[in-house]
Structures are given as C-alpha cells and as structure tokens.
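**Student:** One structure, pasted below without further comment.
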There are 2 protein chains.
Amino acid sequence: MAFDYGTKHPLNREALEERLAAALEVCAAAGRVILPHFREPIAVENKADGGGYDPVTIADKDAEATIRAELRRRFPSHGYFGEEHGHEPGDGLTWVIDPIDGTRAFMTGMLHWGVLLALFDGMEPVLGVMHQPFTGEFFFGAAGNAGYRRGAERRDLHTRPCAELSAAMLATTSPRLFSTTQRERFDALSASVRMTRFGGDCYLYCLVAMGQLDLVVEAGLKPYDVQALMPIVRGAGGVITSWTGGDPAMGGSVVAAGDERAHAAALRLLSGTG
Amino acid sequence: MAFDYGTKHPLNREALEERLAAALEVCAAAGRVILPHFREPIAVENKADGGGYDPVTIADKDAEATIRAELRRRFPSHGYFGEEHGHEPGDGLTWVIDPIDGTRAFMTGMLHWGVLLALFDGMEPVLGVMHQPFTGEFFFGAAGNAGYRRGAERRDLHTRPCAELSAAMLATTSPRLFSTTQRERFDALSASVRMTRFGGDCYLYCLVAMGQLDLVVEAGLKPYDVQALMPIVRGAGGVITSWTGGDPAMGGSVVAAGDERAHAAALRLLSGTG
C-alpha cells in the first residue's frame, strides 16, 4: 500500500484520509440538494420545446455548485473539473465531479444513478466516492481499499472470483452506447457469458466492487463518468481499463472486472484481437 | 367507482379494503424474509454446476411460503397461484404471487425488483401491490385508485399526460425479451419516442403510475408478472393491455401507458397495423 506521492504533491495517508472524509460529507450535501428534485413532475411536452421547469438540470447544476463551494472552503488550492461548471485549474490536485451520473435514470424516476466525486492527481484518481441519496448508500475507494456505508451499516468491498467468461454476469447501461464495431464485439462477449443485464450507469461498477457482477462494459464515457469509480473497483480487488487495456481515466471505452482472468478474457473479445 | 361484485362474490368496498391492507402487510413480511438474502455472496462457479448456496432460490421460495401462510390465516377460503409453489384452487378469489419479480436484477445486486401480489377474481385483478423492501417502497392499486408509501410518506399516484410518441419516454427490461418480429416492432416504436431505457422489470410499471415514464413494453410475461401491476397502472389513470389491445391478465405481450393517446399510438406500431 504505497501511499506517498511525496515529491509530486504532499498527499500522504493522513491528507488522503482527510480528503476522503470530506468527499463523503460533500457528496451527502449534494444528495440533499438533489433529492427534492427526484421524481418531481417533468412536463415532458413543455420540455420538448425547451421550456418549463426542468428538475434534472436544476438538480445537476445546484449539486455541482454545492460540491465546489463545500470543497473550496476546505481545500482552497485544489482545482475542479465537472460536468456542469467546467474546468478550474488548481494546485495539481483536481476534484472531478459528476453531480448526477445516470441523468436519464434520474429523469425517469429509476434508482441506478448517483453523485460521483474523484480526486485526480494528474495521473490517476486517488480517491473516489459514489453516493445514491435515495437509498442512502455510499461506495468509496482509496489507497487500495474500498468500502460501503448505508446508515449504521459499514463494510469493506471485495470483488468475487470469476475464472471463466462462461460463469460471468455482464452488464452495460444500454446496447445503444456502442458504435457498430463496438456493438459486434460487445455481442460476441455477451454470447460468451452466463447472463447480460442492461441499465445501471455508475451503479454497475459499484456492484462489481461488491462482488455482485463480474463485468461492466461501456463506451463513450467522460472523465467524470469513470474517475470516481476507478478507486472503488480497484480498491475492492478489481481491474478497470479501456477496451484495449489502457488507462480509462480520460473516459472513452471502459471494461471493469472483479477478476483479472475474466478481464483478460473480455479484453481479447473487446479489443478485436480475440 | 363501481365496486360491488355482488352476485359473483361478496367483495364490497370494505372487503376489498381489508384485503388491500392485508396484502400490504403480507408483502412487508415477505420483504423481511427476502432482504437478508439480498447481495449475499453467490458462488457463481458453484452455481453453474448446480451446487452450493443459492440465496435467490431460497429467498424466492421462503417469501412465497410466507405470503401463502400469512394470507391463509386471514382468508382461509381464497386460492393461490404463484411462481414458486404453483396453483391451489379456492373460492373464486385467487392470490397471485411473484415473490421476487426481477430475479436477475436481484441476483446481481440491482434495485429494480420487488414482491408482487394481486387478488384475481377470475376476470381481473381487483387489487395489486408492488413492494421493494431495500428501498422500503410500496406501490398499490385497487378500485380505480393507486398510492405510494415509503416510511411516513404517503401519496396518490397519477400518470402524466403524453399526447405524442415524440414526447414519450419508453422503457423495457431487456431488448432480448422479444422474438424477431416483436423486436422489429419494438425498434419501430423506439425510433418514434423521445428516449428509450433498458432494465427495470416491475419497477417500470410503477414509474408509469408515478408519472415518471410514459410507456413500458414487454413480452413473454407470466400472469404473476403482470396482475399486481394492472390495478396500479389503471388506478393511477393509465392503460395496460396486450400488444393487440387485449386483456394482459394472463401475461404474454404487455404495453402500459400513462396516457391513452400514447397507448393508442404505440399499439398501432406494436400490433403490426401501423
């Protein structure tokens, strides 16, 4: 558990733990901003014309503003990169924010969405939090560990073994995420696994970390869609890369697996080299 | 609100309300049986061999047994029809049970599953309950009304208007529910709506009732997959039929809509007459 970024920036274990505790608090605050807008009526016909009350946009923007304001008060020198309010450079450590990941799930009243917050050191996200305010769940990871909290419940997260694709449970948010070539490769993977489920966004990666799913395969992600999830998956013992095995921190195509054997087998099909 | 089944059986308003209250209690009891099995480790490799602890099957069977035992104590003459323990004929009123609708969601740790319980009078389900024990939610309908409870929260359910398919939000559990012809018709509908979402099972129908979704389209359902949801959708002001406009109580292809105009437009595409 090497956790001394020494010469690059002063993020020792204590500094990291302070930032993880703050990230959990700030995600909870964002959740309190979002929740009153969840399942509020959306006038679909007005919205198609661009008019009327839009609880999704309001919740998204207000939650990200809350996260930035709360973090700025605690850590005045860090930078920000978020879906709603763009990039503000800082001291080399950047808070990466998706105030509501799974916006389409949110706007249809479904449950698989969450607040995502990561701290990026310029090379990798060193901590990540996913918070679902309706269920009161927190999934988080840092420094090679991952945990779960809900009310008084606290537990460590661990992925489960999955040696063979034939035993794997695979999920993706939508079959429509993919280009034609990506779709062919995804379908080949799907034909090799035990079960494929659709829908889920950020929640899917947390379920890999929890040992409930074996593979998540997506494409077209943004940095703020994936960075918070990387320390959670990795801290639980999983693997998360691009479809060609590269670094997923900048988004694009992503494959997360609980077991490196299932990950390697999935990559062979997804990278087009299988 | 005609609610006197008089000559057929003695289910006046008071008798119906008594059975709805009992159904809510009994679903809560089933939820308490299920919840300890949710997100328990499943040894996927063992399970592929048919061996080992199977929390899904245990939860399913125990929950249905609980529902039958609790209802039998209260209403000794009614019959039962359930996914796990089959058919027991009774006095013409039948409790129709799916102890965990959305088994695949349940077994992957996702949230869109629930306990379904209907009371079928031989012609139609006269009450229906959907309970999600992890979130503590109850959706229910009877006698032309539908409601929602979660903790201290109580509210009526109402669908929202949706005059045109171009404004509609559509959902289905999986694109793989469908035959080739069904898939072509679903794809034609999907190409006509504003947004299509995947994943959800029973939860989707409840979101139509809540005015969060406009259309749910599925196929291959069993009677116990749909009967509890019919009074919820109808009680909230929605429409639920087969893809050809027929009675969906026996399962098969189902389309639920919050607005009869969206329903009619969807039927034109789904029935192959559009």
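For the structure tokens, the naming scheme is as follows: chains receive sequential letters (A, B, ...) according to their order of presentation, residues are indexed from 1 within each chain, and ligands are indexed from 1 in presentation order.
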Pull the alpha helix (DSSP H) assignments for range 29-231 of chain B out of DSSP run on the backbone, and list those residues as a count of residues only.
**Tutor:** 64
**Student:** I need the chain A residues near chain B as a ChimeraX atom specification; criterion: at most 9 Å, counting only C-alpha atoms.
**Tutor:** /A:39-45,47-48,104-105,107-112,134-135,160-164,166-169,173-175,194-195,197-200,203-204,207,210-213
**Student:** If you run DSSP on this backbone, which residues of range 156-187 of chain B come out as strand (DSSP E or B), and could you give them as a list of chain:residue names?
**Tutor:**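 These are the residues in question: B:Asp156, B:Met169, B:Leu170, B:Ala171, B:Thr172.
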**Student:** Report the distance between CA of Ala152 in chain B and CA of Leu117 in chain B in Å, rounded to one decimal place.
**Tutor:**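 Between CA of Ala152 in chain B and CA of Leu117 in chain B the gap is 22.0 Å.
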**Student:** Which residues are near Thr66 in chain A? Cut-off 9 Å, only C-alpha atoms, ignore same chain within fewer than 4 positions. Put them as a list of chain:residue names.
**Tutor:**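 In the requested format, the answer is A:Val26, A:Ala29, A:Ala30, A:Val33, A:Lys61, A:Asp62, A:Glu70, A:Leu71.
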**Student:** When you count only C-alpha atoms, which of these residues is closest to Gly102 in chain B: B:Ala264, B:Ala256, B:Val193, B:Leu221?
**Tutor:**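 Of all the options, B:Leu221 lies closest to Gly102 in chain B.
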**Student:** Using only C-alpha atoms, which residues sit within 12 Å of Thr94 in chain B once same-chain residues fewer than 3 positions away are excluded, as a ChimeraX atom specification?
**Tutor:** /B:9,19,68,71-72,75-82,86-91,97,117-127,223-224,227-228
**Student:** Contacts of Ala63 in chain A at 12 Å or less, counting only C-alpha atoms, minus same-chain residues fewer than 5 places along, as a PDB file with C-alpha atoms, in the first residue's frame?
**Tutor:**
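Saved the output as part_1.pdb:
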ATOM      1  CA  VAL A  26     -19.735  16.781   0.398  1.00  0.00           C
ATOM      2  CA  CYS A  27     -21.449  14.032  -1.614  1.00  0.00           C
ATOM      3  CA  ALA A  28     -24.015  13.741   1.175  1.00  0.00           C
ATOM      4  CA  ALA A  29     -24.592  17.517   0.955  1.00  0.00           C
ATOM      5  CA  ALA A  30     -25.031  17.256  -2.816  1.00  0.00           C
ATOM      6  CA  GLY A  31     -27.504  14.430  -2.277  1.00  0.00           C
ATOM      7  CA  ARG A  32     -29.579  16.674  -0.019  1.00  0.00           C
ATOM      8  CA  VAL A  33     -29.690  19.254  -2.828  1.00  0.00           C
ATOM      9  CA  ILE A  34     -30.679  16.677  -5.451  1.00  0.00           C
ATOM     10  CA  LEU A  35     -33.273  14.627  -3.620  1.00  0.00           C
ATOM     11  CA  PRO A  36     -36.101  17.208  -3.529  1.00  0.00           C
ATOM     12  CA  HIS A  37     -35.967  17.262  -7.351  1.00  0.00           C
ATOM     13  CA  PRO A  55     -35.761  19.460 -12.236  1.00  0.00           C
ATOM     14  CA  VAL A  56     -32.904  17.449 -13.745  1.00  0.00           C
ATOM     15  CA  THR A  57     -30.926  20.453 -14.913  1.00  0.00           C
ATOM     16  CA  ILE A  58     -31.622  22.356 -11.710  1.00  0.00           C
ATOM     17  CA  ARG A  68     -17.452  23.063  -5.398  1.00  0.00           C
ATOM     18  CA  ALA A  69     -18.371  25.545  -2.658  1.00  0.00           C
ATOM     19  CA  GLU A  70     -18.025  22.971   0.140  1.00  0.00           C
ATOM     20  CA  GLY A  82     -17.120  18.942 -13.556  1.00  0.00           C
ATOM     21  CA  GLU A  83     -19.866  18.124 -15.989  1.00  0.00           C
ATOM     22  CA  GLU A  84     -21.907  21.246 -15.337  1.00  0.00           C
ATOM     23  CA  HIS A  85     -19.478  24.018 -14.455  1.00  0.00           C
ATOM     24  CA  ILE A  97     -17.380  15.875 -10.368  1.00  0.00           C
ATOM     25  CA  ASP A  98     -20.420  14.300 -11.959  1.00  0.00           C
ATOM     26  CA  PRO A  99     -23.267  15.667  -9.839  1.00  0.00           C
ATOM     27  CA  ILE A 100     -25.776  13.134 -11.251  1.00  0.00           C
ATOM     28  CA  ASP A 101     -24.302  10.210 -13.133  1.00  0.00           C
ATOM     29  CA  GLY A 114     -25.534   8.681  -8.146  1.00  0.00           C
ATOM     30  CA  VAL A 115     -23.251  11.558  -7.226  1.00  0.00           C
ATOM     31  CA  LEU A 116     -19.663  10.897  -8.375  1.00  0.00           C
ATOM     32  CA  LEU A 117     -16.625  12.634  -6.927  1.00  0.00           C
ATOM     33  CA  PRO A 133     -29.068   9.712  -1.857  1.00  0.00           C
TER      34      PRO A 133
END
**Student:** Please indicate the distance in Å from CA of Gly141 in chain B to CA of Ala236 in chain B, rounded to one decimal place.
**Tutor:** 7.7 Å
**Student:** Here is a test: counting only C-alpha atoms, which residue of B:Thr103, B:Arg154, B:Val226, B:Ser179 is nearest to Asp247 in chain B?
**Tutor:**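 Of B:Thr103, B:Arg154, B:Val226, B:Ser179, the one nearest Asp247 in chain B, counting only C-alpha atoms, is B:Val226.
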**Student:** Would you work out the distance separating CA of Gly272 in chain A from CA of Leu215 in chain A, expressed in Å to one decimal?
**Tutor:** 17.5 Å
